[in-house]
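Student: Take a look at protein_13.cif, mmCIF, C-alpha atoms:
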data_input
loop_
_atom_site.label_atom_id
_atom_site.label_comp_id
_atom_site.auth_asym_id
_atom_site.auth_seq_id
_atom_site.Cartn_x
_atom_site.Cartn_y
_atom_site.Cartn_z
CA MET A 6 0.00 0.00 0.00
CA PHE A 7 2.59 2.55 1.10
CA ARG A 8 5.97 2.38 -0.60
CA LYS A 9 8.97 2.87 1.61
CA GLU A 10 11.42 5.43 0.28
CA SER A 11 14.75 4.03 -0.80
CA LYS A 12 18.02 5.51 0.35
CA PRO A 13 20.58 6.81 -2.13
CA GLN A 14 23.26 4.29 -3.02
CA SER A 15 26.46 5.02 -1.15
CA ARG A 16 28.45 2.91 -3.57
CA ILE A 17 28.86 3.08 -7.31
CA ASP A 18 28.32 -0.20 -9.15
CA SER A 19 29.04 1.11 -12.65
CA LEU A 20 31.17 3.87 -14.14
CA ILE A 21 31.17 5.53 -17.54
CA GLY A 22 34.72 6.90 -17.66
CA ALA A 23 35.80 10.40 -18.65
CA THR A 24 37.15 9.25 -22.03
CA THR A 25 34.11 7.11 -22.82
CA ARG A 26 31.33 8.13 -25.20
CA ILE A 27 28.17 6.02 -25.42
CA GLU A 28 25.65 6.36 -28.23
CA GLY A 29 22.41 4.69 -27.15
CA ASN A 30 20.26 4.18 -24.09
CA VAL A 31 21.78 3.09 -20.78
CA PHE A 32 19.80 1.08 -18.20
CA PHE A 33 21.27 0.37 -14.76
CA SER A 34 20.55 -0.80 -11.24
CA GLY A 35 22.32 0.24 -8.07
CA GLY A 36 24.65 3.21 -8.52
CA LEU A 37 25.91 4.64 -11.82
CA ARG A 38 28.44 7.46 -12.16
CA VAL A 39 28.83 9.20 -15.51
CA ASP A 40 32.15 10.97 -16.06
CA GLY A 41 32.05 10.79 -19.87
CA MET A 42 29.36 11.46 -22.47
CA VAL A 43 26.11 9.65 -23.19
CA ARG A 44 23.97 10.38 -26.25
CA GLY A 45 20.78 8.64 -25.27
CA ASN A 46 18.53 8.15 -22.28
CA VAL A 47 19.92 7.01 -18.92
CA ALA A 48 17.46 5.22 -16.64
CA ALA A 49 17.43 3.01 -13.57
CA LEU A 50 15.61 -0.28 -14.03
CA PRO A 51 11.92 -0.02 -13.07
CA ASP A 52 11.00 -0.88 -9.47
CA GLN A 53 14.64 -0.86 -8.38
CA PRO A 54 16.13 1.99 -6.38
CA GLY A 55 18.89 3.57 -8.39
CA THR A 56 21.32 6.42 -7.88
CA LEU A 57 22.71 8.36 -10.83
CA VAL A 58 25.67 10.72 -10.46
CA VAL A 59 26.54 13.03 -13.37
CA SER A 60 29.97 14.45 -12.56
CA GLU A 61 31.30 17.92 -13.32
CA HIS A 62 32.74 17.25 -16.81
CA ALA A 63 30.09 14.71 -17.83
CA ARG A 64 27.35 15.29 -20.38
CA VAL A 65 24.10 13.45 -21.07
CA ASP A 66 22.13 14.29 -24.22
CA GLY A 67 18.86 12.56 -23.39
CA GLU A 68 16.33 11.98 -20.65
CA VAL A 69 17.52 10.77 -17.24
CA GLN A 70 15.42 8.84 -14.74
CA ALA A 71 16.29 7.37 -11.34
CA ALA A 72 15.13 7.45 -7.74
CA HIS A 73 18.11 9.56 -6.67
CA ILE A 74 20.02 11.88 -8.99
CA VAL A 75 23.06 14.06 -8.28
CA VAL A 76 24.08 16.44 -11.07
CA ASN A 77 27.24 18.50 -11.31
CA GLY A 78 27.60 18.27 -15.09
CA THR A 79 25.38 18.89 -18.12
CA ILE A 80 22.06 17.25 -19.01
CA ASN A 81 20.30 18.18 -22.24
CA GLY A 82 16.94 16.53 -21.64
CA SER A 83 14.31 16.13 -19.00
CA VAL A 84 15.18 14.86 -15.53
CA HIS A 85 12.88 12.54 -13.57
CA ALA A 86 13.98 12.02 -9.96
CA GLY A 87 11.55 9.65 -8.26
CA GLU A 88 12.73 10.70 -4.82
CA THR A 89 15.67 13.11 -4.48
CA LEU A 90 17.47 15.45 -6.84
CA GLU A 91 20.63 17.38 -5.99
CA LEU A 92 21.80 20.10 -8.37
CA GLN A 93 25.38 21.01 -7.50
CA PRO A 94 27.11 24.31 -8.40
CA ASN A 95 28.34 23.31 -11.89
CA SER A 96 25.13 21.60 -12.99
CA ARG A 97 23.46 22.70 -16.23
CA VAL A 98 20.08 21.19 -17.07
CA LYS A 99 18.30 22.09 -20.29
CA GLY A 100 14.87 20.50 -19.92
CA ASP A 101 12.05 20.04 -17.46
CA VAL A 102 12.93 18.74 -14.00
CA HIS A 103 10.51 16.42 -12.17
CA TYR A 104 11.30 15.75 -8.53
CA LYS A 105 9.87 14.76 -5.17
CA SER A 106 12.59 16.43 -3.08
CA ILE A 107 15.18 18.88 -4.45
CA GLU A 108 18.36 20.61 -3.33
CA VAL A 109 19.73 23.38 -5.54
CA GLN A 110 23.15 24.83 -4.79
CA GLN A 111 24.22 28.31 -5.80
CA GLY A 112 25.53 28.31 -9.38
CA ALA A 113 23.24 25.55 -10.69
CA VAL A 114 21.30 26.42 -13.85
CA VAL A 115 17.98 24.96 -15.02
CA GLU A 116 16.53 26.00 -18.38
CA GLY A 117 13.12 24.43 -18.06
CA ARG A 118 10.26 23.91 -15.65
CA LEU A 119 10.58 22.63 -12.11
CA VAL A 120 7.72 20.18 -11.52
CA HIS A 121 7.11 18.86 -8.01
CA GLN A 122 5.77 15.30 -7.85
CA PRO A 123 4.14 14.73 -4.46
CA GLY A 124 4.55 11.29 -2.92
CA ALA A 125 1.74 8.89 -2.15
CA GLU A 126 1.98 9.79 1.54
CA ALA A 127 1.46 13.51 0.91
CA LYS A 128 -1.62 14.68 2.78
CA GLY A 129 -3.23 18.02 3.33
CA VAL A 130 -2.81 19.64 6.72
CA GLU A 131 -5.96 19.76 8.76
CA LEU A 132 -6.42 23.00 10.65
CA LYS A 133 -8.72 23.29 13.64
CA LEU A 134 -10.10 26.45 15.20
CA ALA A 135 -8.80 27.27 18.66
CA SER A 136 -11.51 27.07 21.30
#
As structure tokens, how would this structure be written, given the file I've shared?

Tutor:
Amino acid sequence: MFRKESKPQSRIDSLIGATTRIEGNVFFSGGLRVDGMVRGNVAALPDQPGTLVVSEHARVDGEVQAAHIVVNGTINGSVHAGETLELQPNSRVKGDVHYKSIEVQQGAVVEGRLVHQPGAEAKGVELKLAS
């Protein structure tokens, strides 16, 4: 009924190195760090918590999707963070950003819409009159 939030991966299972260029979609589970360039979509496998880290000199030309996303590089495409999104000072996102929880550090740039996605547990606050 209620889905428990996953925690960001503290370890990286896969790495796309700084001198690596991938043309095509990338699907992963666990933690993925991108230091190089990807021309295609990058997505965590469905129903598996995934953490994506896009480092300072990395670039993704495509849509990215994961439970937890940390960006300090460039993404040219929409971003879908199922739980948390962290935009670090050197991040550049050109596309709409969908998030449940967001942290934006000074210097980060987003050229697109910020769209909050409330979780299933989000409820309205009930106010009562003081008696």

Student: For Ala49 in chain A, which residue among A:Arg26, A:Arg97, A:Arg118, A:His73 is the nearest when counting all atoms listed in the file?

Tutor: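 Of all the options, A:His73 lies closest to Ala49 in chain A.
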
Student: Could you list, as a PDB file with C-alpha atoms, keeping the file's coordinate frame, every residue matched by the PyMOL selection byres ((chain A and resi 34) around 10) in this structure?

Tutor:
ATOM      1  CA  ILE A  17      28.860   3.080  -7.310  1.00  0.00           C
ATOM      2  CA  ASP A  18      28.320  -0.200  -9.150  1.00  0.00           C
ATOM      3  CA  SER A  19      29.040   1.110 -12.650  1.00  0.00           C
ATOM      4  CA  PHE A  32      19.800   1.080 -18.200  1.00  0.00           C
ATOM      5  CA  PHE A  33      21.270   0.370 -14.760  1.00  0.00           C
ATOM      6  CA  GLY A  35      22.320   0.240  -8.070  1.00  0.00           C
ATOM      7  CA  GLY A  36      24.650   3.210  -8.520  1.00  0.00           C
ATOM      8  CA  LEU A  37      25.910   4.640 -11.820  1.00  0.00           C
ATOM      9  CA  ALA A  48      17.460   5.220 -16.640  1.00  0.00           C
ATOM     10  CA  ALA A  49      17.430   3.010 -13.570  1.00  0.00           C
ATOM     11  CA  LEU A  50      15.610  -0.280 -14.030  1.00  0.00           C
ATOM     12  CA  PRO A  51      11.920  -0.020 -13.070  1.00  0.00           C
ATOM     13  CA  ASP A  52      11.000  -0.880  -9.470  1.00  0.00           C
ATOM     14  CA  GLN A  53      14.640  -0.860  -8.380  1.00  0.00           C
ATOM     15  CA  PRO A  54      16.130   1.990  -6.380  1.00  0.00           C
ATOM     16  CA  GLY A  55      18.890   3.570  -8.390  1.00  0.00           C
ATOM     17  CA  THR A  56      21.320   6.420  -7.880  1.00  0.00           C
ATOM     18  CA  LEU A  57      22.710   8.360 -10.830  1.00  0.00           C
ATOM     19  CA  ALA A  71      16.290   7.370 -11.340  1.00  0.00           C
TER      20      ALA A  71
END

Student: Find the residue from A:Ala63, A:Val120, A:Val58, A:Val109 that sits nearest to His85 in chain A; use all atoms listed in the file when measuring.

Tutor: A:Val120

Student: How far is it from CA of Ser83 in chain A to CA of Pro123 in chain A, in Å with one decimal?

Tutor: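 Value for the CA of Ser83 in chain A-CA of Pro123 in chain A distance: 17.8 Å.
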
Student: Run the PyMOL selection byres ((chain A and resi 75) around 7) mentally over the shown coordinates, then write out the matched residues as a ChimeraX atom specification, using the chain letters and numbers from the document.

Tutor: /A:57-59,73-74,76-77,90-92

Student: Could you check how far CA of Gly112 in chain A sits from CA of Glu68 in chain A, in Å to one decimal?

Tutor: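 We find that CA of Gly112 in chain A and CA of Glu68 in chain A lie 21.9 Å from each other.
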
Student: With all atoms listed in the file as the atoms that count, which of A:Ala23, A:Ala86, A:Ile80, A:Val31 lies nearest to Val115 in chain A?

Tutor: A:Ile80

Student: So how many Å separate CA of Thr25 in chain A and CA of Gln111 in chain A, to one decimal?

Tutor: 28.9 Å

Student: For the provided coordinates, the residues matched by the PyMOL selection byres ((chain A and resi 88) around 8) should be stated as a PyMOL selection string.

Tutor: chain A and resi 10+72-73+86-87+89-90+104-106

Student: Please identify all polymer residues within 9 Å of Ile21 in chain A, counting only C-alpha atoms, omitting same-chain residues fewer than 3 positions from it, and present them as a list in words.

Tutor: Thr24, Thr25, Arg26, Ile27, Leu37, Arg38, Val39, Asp40, Gly41, Met42 and Val43 of chain A

Student: Please put the answer as JSON: centre and edge lengths, in Å with one decimal, of a box along x, y and z that encloses all listed atoms of range 75-79 of chain A plus 4 Å on each side.

Tutor:
{"center_x": 25.3, "center_y": 16.5, "center_z": -13.2, "size_x": 12.5, "size_y": 12.8, "size_z": 17.8}
